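Data from start_31.txt: compact mmCIF, C-alpha atoms and all ligand atoms
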# COMPACT_ATOMS: atom_id res chain seq x y z
CA MET M 1 -4.31 -7.28 22.87
CA LYS M 2 -6.89 -6.35 25.51
CA ALA M 3 -8.47 -9.76 25.11
CA TYR M 4 -5.07 -11.35 25.52
CA PHE M 5 -4.34 -9.55 28.78
CA THR M 6 -7.79 -10.36 30.09
CA SER M 7 -7.24 -14.01 29.21
CA ILE M 8 -4.12 -14.15 31.37
CA GLY M 9 -5.92 -12.52 34.29
CA GLU M 10 -4.52 -9.02 33.80
CA LYS M 11 -6.29 -5.70 33.43
CA PRO M 12 -7.11 -4.69 29.84
CA PHE M 13 -5.24 -1.36 30.19
CA ARG M 14 -1.98 -3.32 30.05
CA ALA M 15 -2.63 -3.50 26.30
CA THR M 16 -2.40 0.29 25.99
CA GLN M 17 0.80 0.34 28.02
CA VAL M 18 2.47 -2.35 25.93
CA ILE M 19 1.34 -0.82 22.63
CA LYS M 20 2.80 2.53 23.66
CA TRP M 21 6.07 0.92 24.66
CA LEU M 22 6.30 -0.93 21.38
CA HIS M 23 5.25 1.70 18.91
CA GLN M 24 5.94 5.06 20.56
CA MET M 25 8.74 4.52 23.04
CA ASN M 26 10.75 2.25 20.75
CA ALA M 27 11.08 -0.52 23.34
CA SER M 28 12.96 -3.49 21.98
CA SER M 29 12.66 -5.67 25.04
CA VAL M 30 10.01 -6.31 27.67
CA ASP M 31 12.51 -5.33 30.38
CA GLN M 32 12.28 -1.70 29.30
CA MET M 33 8.56 -1.58 30.13
CA THR M 34 9.06 -0.16 33.61
CA ASN M 35 5.42 0.56 34.41
CA ILE M 36 4.67 -3.15 34.19
CA SER M 37 5.26 -5.38 37.19
CA LYS M 38 8.32 -7.62 37.22
CA PRO M 39 6.34 -10.88 37.32
CA LEU M 40 4.26 -9.79 34.32
CA ARG M 41 7.38 -8.73 32.43
CA GLN M 42 8.86 -12.13 33.20
CA PHE M 43 5.71 -13.83 31.92
CA LEU M 44 5.67 -11.74 28.74
CA SER M 45 9.30 -12.37 27.94
CA GLU M 46 8.60 -16.09 28.17
CA HIS M 47 5.55 -15.90 25.92
CA ALA M 48 6.27 -13.21 23.36
CA VAL M 49 9.07 -11.88 21.22
CA ILE M 50 9.71 -8.32 20.11
CA ARG M 51 11.39 -8.65 16.77
CA ALA M 52 10.96 -6.69 13.58
CA PRO M 53 11.93 -7.90 10.12
CA ALA M 54 15.71 -7.64 9.72
CA ILE M 55 17.19 -5.10 7.33
CA ILE M 56 19.07 -6.93 4.59
CA MET M 57 19.66 -3.84 2.52
CA ASP M 58 19.15 -0.12 3.07
CA GLN M 59 19.58 1.90 -0.11
CA GLN M 60 19.26 5.63 -0.49
CA SER M 61 18.45 7.27 -3.78
CA ALA M 62 20.04 10.50 -5.01
CA ASP M 63 16.65 12.17 -4.41
CA GLY M 64 16.56 11.04 -0.75
CA THR M 65 14.18 8.11 -1.25
CA HIS M 66 15.02 5.19 1.04
CA LYS M 67 14.41 1.58 0.17
CA TRP M 68 14.72 -1.23 2.66
CA LEU M 69 14.86 -4.88 1.79
CA LEU M 70 13.55 -6.71 4.85
CA ARG M 71 13.99 -10.37 5.65
CA LEU M 72 11.05 -12.27 7.08
CA ASP M 73 11.34 -15.27 9.39
CA ASP M 74 10.71 -17.75 6.57
CA GLY M 75 13.49 -16.39 4.34
CA ASN M 76 11.23 -14.39 2.05
CA ALA M 77 12.02 -10.71 1.66
CA ILE M 78 9.87 -7.65 1.06
CA GLU M 79 10.53 -4.03 0.23
CA THR M 80 9.47 -0.84 1.98
CA VAL M 81 10.10 2.65 0.61
CA PHE M 82 10.28 6.07 2.31
CA ILE M 83 9.64 9.10 0.10
CA PRO M 84 10.64 12.42 1.69
CA GLU M 85 8.96 15.60 0.47
CA ASP M 86 9.08 19.15 1.79
CA ASP M 87 5.81 18.97 3.64
CA ARG M 88 5.56 15.27 4.42
CA GLY M 89 7.28 11.91 4.56
CA THR M 90 5.44 8.99 2.99
CA LEU M 91 6.11 5.35 3.75
CA CYS M 92 5.10 2.90 1.04
CA VAL M 93 4.23 -0.39 2.75
CA SER M 94 3.95 -3.95 1.37
CA SER M 95 1.03 -6.24 2.18
CA GLN M 96 2.07 -9.56 0.61
CA VAL M 97 5.17 -11.47 -0.43
CA GLY M 98 4.86 -10.99 -4.19
CA CYS M 99 1.46 -10.53 -5.76
CA ALA M 100 -1.14 -12.79 -7.32
CA LEU M 101 -2.75 -10.29 -9.66
CA ASP M 102 -0.29 -10.45 -12.54
CA CYS M 103 -0.70 -6.92 -13.90
CA THR M 104 1.35 -6.95 -17.10
CA PHE M 105 3.22 -3.67 -16.45
CA CYS M 106 4.29 -4.37 -12.85
CA SER M 107 7.54 -5.97 -11.81
CA THR M 108 6.17 -7.30 -8.50
CA ALA M 109 3.76 -9.40 -10.59
CA ARG M 110 6.67 -11.14 -12.27
CA GLN M 111 7.91 -12.29 -8.87
CA GLY M 112 4.85 -14.46 -8.44
CA PHE M 113 3.03 -14.83 -5.16
CA ASN M 114 4.10 -16.60 -1.99
CA ARG M 115 1.96 -15.57 0.98
CA ASN M 116 0.16 -12.88 2.92
CA LEU M 117 2.11 -10.80 5.41
CA THR M 118 1.03 -11.03 9.04
CA THR M 119 -0.18 -7.92 10.86
CA ALA M 120 3.16 -7.89 12.68
CA GLU M 121 5.09 -7.97 9.40
CA ILE M 122 3.03 -5.10 8.01
CA ILE M 123 3.31 -2.89 11.10
CA GLY M 124 6.93 -4.07 11.48
CA GLN M 125 7.75 -2.09 8.34
CA LEU M 126 6.72 1.13 10.10
CA TRP M 127 8.56 0.06 13.22
CA VAL M 128 11.83 -0.45 11.36
CA ALA M 129 11.47 2.62 9.14
CA LYS M 130 10.59 4.91 12.03
CA ARG M 131 13.64 3.86 14.04
CA THR M 132 16.01 4.10 11.11
CA LEU M 133 14.71 7.53 10.10
CA GLN M 134 14.91 8.84 13.66
CA ALA M 135 18.54 7.82 13.83
CA ASP M 136 19.51 9.29 10.45
CA PRO M 137 22.74 11.29 10.91
CA LYS M 138 21.59 13.67 8.15
CA GLY M 139 18.62 14.66 10.29
CA ALA M 140 15.61 12.80 11.63
CA ARG M 141 12.63 12.40 9.33
CA VAL M 142 9.07 11.72 10.39
CA ILE M 143 6.63 9.34 8.74
CA SER M 144 3.57 11.54 8.27
CA ASN M 145 1.76 9.44 5.66
CA VAL M 146 1.42 5.77 4.81
CA VAL M 147 0.39 4.35 1.47
CA MET M 148 -0.41 0.65 1.11
CA MET M 149 1.21 0.70 -2.33
CA GLY M 150 4.15 -1.62 -1.90
CA MET M 151 4.24 -5.27 -2.93
CA GLY M 152 0.93 -7.10 -3.00
CA GLU M 153 -2.78 -6.43 -3.18
CA PRO M 154 -3.88 -5.23 0.27
CA LEU M 155 -7.52 -6.22 -0.17
CA LEU M 156 -6.48 -9.83 -0.75
CA ASN M 157 -4.97 -9.82 2.74
CA PHE M 158 -7.96 -8.14 4.30
CA ASP M 159 -7.90 -9.02 8.00
CA ASN M 160 -4.18 -8.49 8.54
CA VAL M 161 -4.15 -5.25 6.58
CA VAL M 162 -7.17 -3.88 8.47
CA ASP M 163 -5.56 -4.69 11.83
CA ALA M 164 -2.32 -3.02 10.75
CA LEU M 165 -4.21 0.06 9.48
CA LYS M 166 -5.97 0.31 12.84
CA LEU M 167 -2.61 0.36 14.61
CA MET M 168 -1.32 3.03 12.25
CA MET M 169 -4.29 5.19 13.20
CA ASP M 170 -4.36 4.35 16.91
CA ASP M 171 -3.35 7.27 19.11
CA ASN M 172 -1.47 4.86 21.35
CA ALA M 173 0.56 3.59 18.39
CA TYR M 174 1.31 5.74 15.30
CA GLY M 175 -1.65 8.14 15.55
CA LEU M 176 -1.88 8.91 11.83
CA SER M 177 -5.12 10.55 10.73
CA LYS M 178 -7.31 8.67 8.31
CA ARG M 179 -6.56 11.19 5.63
CA ARG M 180 -2.90 10.31 5.81
CA VAL M 181 -3.35 6.58 5.37
CA THR M 182 -4.19 5.41 1.86
CA LEU M 183 -5.05 1.93 0.71
CA SER M 184 -4.48 1.24 -2.98
CA THR M 185 -6.33 -1.56 -4.73
CA SER M 186 -6.71 -3.00 -8.21
CA GLY M 187 -10.39 -3.35 -7.37
CA VAL M 188 -11.19 -6.54 -5.47
CA LEU M 189 -14.88 -5.73 -5.24
CA PRO M 190 -16.22 -7.93 -2.45
CA ALA M 191 -13.33 -6.86 -0.23
CA LEU M 192 -13.95 -3.22 -1.10
CA GLU M 193 -17.54 -3.61 0.09
CA ARG M 194 -16.23 -5.13 3.30
CA LEU M 195 -13.77 -2.31 3.76
CA ALA M 196 -16.57 0.23 3.41
CA GLU M 197 -18.36 -1.49 6.29
CA THR M 198 -15.24 -1.96 8.40
CA MET M 199 -13.21 1.21 8.55
CA ASP M 200 -12.38 4.63 7.17
CA VAL M 201 -9.29 5.07 5.12
CA SER M 202 -8.39 7.05 2.01
CA LEU M 203 -8.83 5.01 -1.13
CA ALA M 204 -6.77 4.85 -4.30
CA VAL M 205 -7.86 2.63 -7.18
CA SER M 206 -5.52 1.37 -9.90
CA LEU M 207 -7.66 2.08 -12.93
CA HIS M 208 -5.03 2.49 -15.68
CA ALA M 209 -7.49 2.33 -18.57
CA PRO M 210 -10.71 4.01 -19.66
CA ASN M 211 -12.35 0.90 -21.12
CA ASP M 212 -12.53 -2.85 -20.50
CA GLU M 213 -10.68 -3.76 -23.66
CA VAL M 214 -7.51 -1.99 -22.55
CA ARG M 215 -7.93 -2.72 -18.82
CA ASP M 216 -8.39 -6.46 -19.48
CA GLN M 217 -4.89 -6.45 -21.00
CA LEU M 218 -3.26 -4.50 -18.19
CA VAL M 219 -5.06 -5.66 -15.05
CA PRO M 220 -6.31 -9.25 -15.50
CA LEU M 221 -8.55 -8.83 -12.44
CA ASN M 222 -10.71 -6.64 -14.69
CA ARG M 223 -12.06 -9.77 -16.36
CA LYS M 224 -13.57 -10.70 -13.02
CA TYR M 225 -14.67 -7.20 -11.97
CA PRO M 226 -15.10 -5.03 -15.08
CA ILE M 227 -14.96 -1.25 -14.98
CA GLN M 228 -18.67 -0.47 -14.61
CA GLU M 229 -18.97 -2.83 -11.63
CA LEU M 230 -15.83 -1.38 -10.13
CA LEU M 231 -17.16 2.16 -10.48
CA ALA M 232 -20.47 1.14 -8.92
CA GLY M 233 -18.55 -0.33 -5.98
CA CYS M 234 -16.54 2.88 -5.64
CA ARG M 235 -19.73 4.97 -5.67
CA ARG M 236 -21.09 2.80 -2.87
CA PHE M 237 -17.85 3.27 -0.94
CA LEU M 238 -18.19 7.04 -1.29
CA ALA M 239 -21.86 6.96 -0.37
CA LYS M 240 -20.87 6.23 3.22
CA LYS M 241 -19.62 9.75 3.34
CA THR M 242 -16.96 10.75 5.80
CA THR M 243 -14.22 13.30 5.32
CA GLU M 244 -11.84 10.55 4.29
CA ARG M 245 -14.26 9.31 1.71
CA ASN M 246 -14.96 12.53 -0.11
CA HIS M 247 -13.13 11.44 -3.22
CA ILE M 248 -11.30 8.55 -4.88
CA THR M 249 -7.77 8.81 -6.20
CA TRP M 250 -7.51 7.05 -9.54
CA GLU M 251 -4.07 5.76 -10.43
CA TYR M 252 -3.30 5.74 -14.13
CA VAL M 253 0.05 4.49 -15.41
CA MET M 254 1.16 6.21 -18.62
CA LEU M 255 2.15 3.57 -21.18
CA GLU M 256 3.25 4.76 -24.58
CA GLY M 257 0.75 3.91 -27.30
CA VAL M 258 -1.33 1.70 -25.00
CA ASN M 259 -3.53 3.95 -22.86
CA ASP M 260 -2.12 7.44 -23.37
CA GLN M 261 -3.90 8.82 -26.43
CA ASP M 262 -6.21 11.88 -26.49
CA GLU M 263 -9.13 9.56 -27.09
CA HIS M 264 -8.28 7.64 -23.88
CA ALA M 265 -8.21 10.87 -21.89
CA ARG M 266 -11.59 11.91 -23.26
CA GLN M 267 -13.05 8.47 -22.47
CA LEU M 268 -11.62 8.66 -18.97
CA ALA M 269 -13.12 12.11 -18.40
CA LYS M 270 -16.51 10.78 -19.43
CA LEU M 271 -16.17 7.58 -17.42
CA LEU M 272 -15.51 9.31 -14.12
CA GLN M 273 -18.18 11.99 -14.55
CA GLY M 274 -20.12 12.50 -11.35
CA ILE M 275 -17.64 10.66 -9.12
CA PRO M 276 -15.61 12.97 -6.84
CA SER M 277 -12.17 12.15 -8.19
CA LYS M 278 -8.52 12.99 -8.19
CA ILE M 279 -6.49 11.51 -11.00
CA ASN M 280 -2.93 10.48 -10.39
CA LEU M 281 -0.93 9.99 -13.60
CA ILE M 282 2.07 7.72 -13.03
CA PRO M 283 4.82 7.78 -15.64
CA PHE M 284 5.59 4.11 -16.30
CA ASN M 285 8.69 2.86 -14.51
CA PRO M 286 10.49 0.34 -16.65
CA PHE M 287 12.09 -2.89 -15.46
CA PRO M 288 14.13 -5.52 -17.33
CA GLU M 289 12.38 -7.30 -20.18
CA THR M 290 9.21 -5.26 -20.04
CA ARG M 291 7.39 -4.75 -23.31
CA TYR M 292 6.11 -1.30 -22.30
CA LYS M 293 7.57 2.17 -22.67
CA ARG M 294 6.93 5.33 -20.70
CA SER M 295 4.84 7.97 -22.46
CA SER M 296 6.76 11.11 -23.38
CA ASN M 297 6.47 14.16 -21.15
CA ASN M 298 4.61 15.98 -23.93
CA ARG M 299 2.09 13.18 -24.16
CA ILE M 300 1.58 13.14 -20.40
CA HIS M 301 1.05 16.93 -20.39
CA ARG M 302 -1.45 16.74 -23.22
CA PHE M 303 -3.32 13.89 -21.49
CA ARG M 304 -3.41 15.87 -18.28
CA ASP M 305 -4.64 19.02 -20.03
CA ILE M 306 -7.63 17.19 -21.48
CA LEU M 307 -8.59 15.97 -18.02
CA VAL M 308 -8.03 19.36 -16.42
CA GLU M 309 -10.19 21.02 -19.10
CA ALA M 310 -12.89 18.50 -18.21
CA GLY M 311 -12.71 19.77 -14.62
CA TYR M 312 -10.58 17.13 -12.89
CA THR M 313 -7.81 17.59 -10.38
CA VAL M 314 -4.83 15.83 -11.91
CA ILE M 315 -1.47 15.19 -10.33
CA THR M 316 1.40 13.71 -12.28
CA ARG M 317 3.26 11.56 -9.81
CA LYS M 318 6.91 12.46 -9.62
CA THR M 319 9.15 9.51 -10.27
CA ARG M 320 11.09 8.97 -7.08
CA GLY M 321 13.84 6.53 -6.28
CA ASP M 322 14.03 4.95 -9.71
CA ASP M 323 17.84 4.87 -9.53
CA ILE M 324 17.49 2.24 -6.79
CA ASP M 325 14.44 0.48 -8.31
CA ALA M 326 12.23 1.90 -5.60
CA ALA M 327 9.68 3.57 -7.87
CA CYS M 328 6.07 2.43 -8.35
CA GLY M 329 5.94 -1.03 -9.82
CA GLN M 330 9.66 -1.71 -9.37
CA LEU M 331 9.50 -3.47 -6.00
CA ALA M 332 10.52 -7.07 -6.22
CA GLY M 333 11.86 -8.30 -2.88
CA LYS M 334 12.69 -11.97 -2.85
CA VAL M 335 9.90 -14.44 -3.25
CA ASN M 336 10.86 -17.98 -2.42
CA ASP M 337 8.17 -20.27 -3.72
CA LYS M 338 6.43 -18.35 -6.45
CA SER M 339 4.07 -21.08 -7.45
CA ARG M 340 1.20 -20.23 -5.19
CA ARG M 341 -0.32 -17.62 -7.46
CA GLU M 342 -2.85 -20.03 -8.95
CA ILE M 343 -4.12 -21.06 -5.53
CA HIS M 344 -4.49 -17.48 -4.37
CA PHE M 345 -6.08 -16.39 -7.61
CA ALA M 346 -8.52 -19.30 -7.39
CA ARG M 347 -9.68 -17.87 -4.10
CA ILE M 348 -10.51 -14.60 -5.85
CA GLU M 349 -12.37 -16.56 -8.50
CA GLN M 350 -14.54 -18.06 -5.81
CA GLY M 351 -15.42 -14.52 -4.85
N1 LIG O 1 -2.04 -3.97 -5.68
C1 LIG O 1 -2.37 -2.62 -5.29
C2 LIG O 1 -1.22 -1.95 -4.58
C3 LIG O 1 -0.02 -1.65 -5.45
S1 LIG O 1 0.09 0.06 -5.56
C4 LIG O 1 -2.85 -1.85 -6.49
O1 LIG O 1 -2.84 -2.41 -7.58
O2 LIG O 1 -3.31 -0.73 -6.36
C5 LIG O 1 1.31 0.30 -6.75
C6 LIG O 1 0.83 1.23 -7.87
O3 LIG O 1 1.87 1.32 -8.86
C7 LIG O 1 -0.38 0.65 -8.57
O4 LIG O 1 -1.23 1.67 -9.03
C8 LIG O 1 0.29 -0.04 -9.73
O5 LIG O 1 -0.62 -0.32 -10.76
C9 LIG O 1 1.36 0.94 -10.12
N2 LIG O 1 2.41 0.35 -10.92
C10 LIG O 1 2.72 -0.96 -11.03
N3 LIG O 1 3.75 -1.14 -11.88
C11 LIG O 1 4.11 0.08 -12.31
C12 LIG O 1 5.15 0.54 -13.17
N4 LIG O 1 6.00 -0.30 -13.74
N5 LIG O 1 5.24 1.87 -13.35
C13 LIG O 1 4.41 2.73 -12.74
N6 LIG O 1 3.42 2.34 -11.91
C14 LIG O 1 3.27 1.02 -11.70

Can I see the file as structure tokens?
Ligand code: SAH
Amino acid sequence: MKAYFTSIGEKPFRATQVIKWLHQMNASSVDQMTNISKPLRQFLSEHAVIRAPAIIMDQQSADGTHKWLLRLDDGNAIETVFIPEDDRGTLCVSSQVGCALDCTFCSTARQGFNRNLTTAEIIGQLWVAKRTLQADPKGARVISNVVMMGMGEPLLNFDNVVDALKLMMDDNAYGLSKRRVTLSTSGVLPALERLAETMDVSLAVSLHAPNDEVRDQLVPLNRKYPIQELLAGCRRFLAKKTTERNHITWEYVMLEGVNDQDEHARQLAKLLQGIPSKINLIPFNPFPETRYKRSSNNRIHRFRDILVEAGYTVITRKTRGDDIDAACGQLAGKVNDKSRREIHFARIEQG
């Protein structure tokens, strides 16, 4: 933005002013930006638009979870979810229209892949959610945390996601601390290496299995980047130690009879030895025509106990918003041309 203002012969600090207007003062037109000269406002209104994705649907779950279906300019639609808790409010943000990775237990995968979201479309989700939550008649809620855990694989949309993350953390925009912004990935290794060089953010990794045999079935990307390579990449990520990188959160979906046995828990405990870790068990959220079932509560407890005995911090993720299909893995949106998965996946293949 600074470069843009410089290029039109303006002072770079205009960027800070405009960013504050957009993201903190809720401006929806250039005319509201009163500390900017009239001629510049005129110029900007001729050359730029302020428009967020339109809300097609705004559903609220019995547990207070909000899910927005947002329409993009090209007719595709994505989903964004707000999860209120006592001590925080987490926004779950999408990074792509659909997803190319084809994880067998995820409903977004079945939508196919259409395209990457732009930086504006990613940050636009915060913009819309923040305004809606501020205006909630039941009481304003604040977005204190962001997780890049909506539709898509954020590391396959690297540049746009990084720019959006920087805005989330910018004191002139959303000012979220790095600890409160989490990127979740299935493990796109080269992009993870790039991320380590580029910025600090909390990292969650969708592991879901303690060995390659099971992970190959669940996360096809594992055939490209098997577990040992992934773990090595994660160790390198942690080696650049900062407070945000003092551990990795491992996501592990609990699928009955597939990855939830005592033996799997013991393997997992061994696998992660020596890596500062938190383990996040996610009860599987079903969707139509899935072949998987959620592990029983007893099984999840037993699995957790084995990990806790081995010294790990384990959190069983509460299922939120499943009555409105807003829970993990249930986001579907509306993906127009789903056929581009092969092209996108080919790009991963090329490394
Ligand atoms: N592509 C990224 C971001 C998605 S995050 C990633 O894979 O990490 C969404 C999380 O929910 C991931 O851990 C994903 O594996 C998990 N998930 C997907 N489908 C699920 C389902 N049906 N039930 C529970 N968790 C699911």

Practice problem: Grab me every residue within 6 Å of ligand LIG 1 (chain O), counting all atoms listed in the file, and send it over as a ChimeraX atom specification. | Solution: /M:105-106,149-150,152-153,184-186,205-206,251,253,282-286,328-330

Exercise. Please identify all polymer residues within 10 Å of M:Arg194, counting all atoms listed in the file, omitting same-chain residues fewer than 5 positions from it, and present them as an MDAnalysis selection string.
Key: chainID M and resid 155 158 189 199 237

Generate the output file for the selected residues, C-alpha atoms, as a PDB file, keeping the file's coordinate frame.
ATOM      1  CA  LEU M 155      -7.520  -6.220  -0.170  1.00  0.00           C
ATOM      2  CA  PHE M 158      -7.960  -8.140   4.300  1.00  0.00           C
ATOM      3  CA  LEU M 189     -14.880  -5.730  -5.240  1.00  0.00           C
ATOM      4  CA  MET M 199     -13.210   1.210   8.550  1.00  0.00           C
ATOM      5  CA  PHE M 237     -17.850   3.270  -0.940  1.00  0.00           C
TER       6      PHE M 237
END

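With distances taken over all atoms listed in the file, M:Asp200 is the one residue among M:Asp171, M:Asp305, M:Asp262, M:Asp200 lying closest to M:Asn246.
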
Exercise. For M:Thr90, please output as a ChimeraX atom specification all residues within 8 Å (counting only C-alpha atoms; exclusion window: fewer than 6 positions along the same chain).
Key: /M:82-84,143-147

I need the residues from that last selection saved to file as a PDB file, in the coordinates of the input (with C-alpha atoms), if you can.
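Just written: again-v8.pdb:
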ATOM      1  CA  PHE M  82      10.280   6.070   2.310  1.00  0.00           C
ATOM      2  CA  ILE M  83       9.640   9.100   0.100  1.00  0.00           C
ATOM      3  CA  PRO M  84      10.640  12.420   1.690  1.00  0.00           C
ATOM      4  CA  ILE M 143       6.630   9.340   8.740  1.00  0.00           C
ATOM      5  CA  SER M 144       3.570  11.540   8.270  1.00  0.00           C
ATOM      6  CA  ASN M 145       1.760   9.440   5.660  1.00  0.00           C
ATOM      7  CA  VAL M 146       1.420   5.770   4.810  1.00  0.00           C
ATOM      8  CA  VAL M 147       0.390   4.350   1.470  1.00  0.00           C
TER       9      VAL M 147
END

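Between atom CA of M:Val162 and atom CA of M:Gly124 the interatomic distance comes to 14.4 Å.
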
Quiz item: Hey, can you check how far atom CA of M:Thr65 sits from atom CA of M:Gly321?
Solution: 5.3 Å

Need the axis-aligned box for stretch 201-215 of chain M with 8 Å each side, so what are the centre and edges in Å to one decimal, as JSON?
{"center_x": -8.8, "center_y": 1.6, "center_z": -9.3, "size_x": 23.5, "size_y": 26.8, "size_z": 44.8}

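Nearest to M:Ala173 of all the residues M:Ile300, M:Arg266, M:Trp127, M:Val214 is M:Trp127, based on all atoms listed in the file.
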
Quiz item: Which value, in Å to one decimal, gives the distance between atom CA of M:Asn157 and atom CA of M:Thr118?
Solution: 8.8 Å

May I have a table of the residues of stretch 56-161 of chain M lying at most 12 Å from stretch 19-36 of chain M, giving each one's closest pair of atoms and their distance in Å to one decimal, counting only C-alpha atoms, ordered by chain and ascending residue number, as a Markdown table?
| residue | atom | partner | partner_atom | distance |
| --- | --- | --- | --- | --- |
| M:Ala120 | CA | M:Leu22 | CA | 11.6 |
| M:Ile123 | CA | M:His23 | CA | 9.3 |
| M:Gly124 | CA | M:His23 | CA | 9.6 |
| M:Gln125 | CA | M:His23 | CA | 11.5 |
| M:Leu126 | CA | M:His23 | CA | 8.9 |
| M:Trp127 | CA | M:His23 | CA | 6.8 |
| M:Val128 | CA | M:Asn26 | CA | 9.8 |
| M:Ala129 | CA | M:His23 | CA | 11.6 |
| M:Lys130 | CA | M:Asn26 | CA | 9.1 |
| M:Arg131 | CA | M:Asn26 | CA | 7.5 |
| M:Thr132 | CA | M:Asn26 | CA | 11.1 |
| M:Gln134 | CA | M:Asn26 | CA | 10.5 |
| M:Ala135 | CA | M:Asn26 | CA | 11.8 |

Self-check item: Residue contacts of M:Ile227 (12 Å, only C-alpha atoms) excluding same-chain residues fewer than 6 positions away, as an NGL selection string
Solution: :M and (186-189 or 205-216 or 219-221 or 233-234 or 268 or 271-272)

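With all atoms listed in the file as the atoms that count, the minimum distance from M:Ala109 to the choices M:Thr16, M:Asn172, M:Gln96, M:Asn259 is reached by M:Gln96.
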
Practice problem: Kindly extract all protein, DNA and RNA residues lying within 9 Å of the coordinates (-7.0, 10.0, -23.6) given in the file, considering all atoms listed in the file, and supply them as number ranges by chain. | Solution: M: 210, 259-269, 302-304, 306-307

Since the input lacks some atoms of stretch 227-232 of chain M, please model all heavy atoms and print them as a CSV table (one decimal), keeping the file's coordinate frame.
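And here's rebuild_23.csv as it stands now:
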chain,number,residue,atom,x,y,z
M,227,ILE,N,-15.0,-2.7,-15.4
M,227,ILE,CA,-15.0,-1.2,-15.0
M,227,ILE,C,-16.3,-0.8,-14.4
M,227,ILE,O,-16.3,-0.1,-13.4
M,227,ILE,CB,-14.5,-0.3,-16.1
M,227,ILE,CG1,-13.0,-0.6,-16.4
M,227,ILE,CG2,-14.7,1.1,-15.8
M,227,ILE,CD1,-12.4,0.2,-17.5
M,228,GLN,N,-17.4,-1.0,-15.1
M,228,GLN,CA,-18.7,-0.5,-14.6
M,228,GLN,C,-19.0,-1.0,-13.2
M,228,GLN,O,-19.5,-0.3,-12.4
M,228,GLN,CB,-19.8,-0.7,-15.6
M,228,GLN,CG,-19.8,0.2,-16.8
M,228,GLN,CD,-19.7,1.7,-16.5
M,228,GLN,OE1,-20.1,2.1,-15.4
M,228,GLN,NE2,-19.2,2.5,-17.4
M,229,GLU,N,-18.7,-2.3,-13.0
M,229,GLU,CA,-19.0,-2.8,-11.6
M,229,GLU,C,-18.1,-2.2,-10.6
M,229,GLU,O,-18.5,-1.9,-9.5
M,229,GLU,CB,-18.8,-4.3,-11.6
M,229,GLU,CG,-19.9,-5.1,-12.4
M,229,GLU,CD,-19.6,-6.6,-12.4
M,229,GLU,OE1,-19.0,-7.1,-11.4
M,229,GLU,OE2,-20.1,-7.2,-13.4
M,230,LEU,N,-16.8,-2.0,-11.0
M,230,LEU,CA,-15.8,-1.4,-10.1
M,230,LEU,C,-16.3,0.0,-9.7
M,230,LEU,O,-16.3,0.4,-8.6
M,230,LEU,CB,-14.5,-1.3,-10.8
M,230,LEU,CG,-13.3,-0.6,-10.1
M,230,LEU,CD1,-13.1,-1.3,-8.7
M,230,LEU,CD2,-12.0,-0.6,-10.9
M,231,LEU,N,-16.7,0.8,-10.8
M,231,LEU,CA,-17.2,2.2,-10.5
M,231,LEU,C,-18.4,2.2,-9.6
M,231,LEU,O,-18.5,3.0,-8.7
M,231,LEU,CB,-17.5,2.9,-11.8
M,231,LEU,CG,-16.3,3.2,-12.7
M,231,LEU,CD1,-16.7,4.1,-13.9
M,231,LEU,CD2,-15.1,3.7,-12.0
M,232,ALA,N,-19.3,1.2,-9.8
M,232,ALA,CA,-20.5,1.1,-8.9
M,232,ALA,C,-20.0,0.9,-7.5
M,232,ALA,O,-20.6,1.5,-6.5
M,232,ALA,CB,-21.4,0.1,-9.4
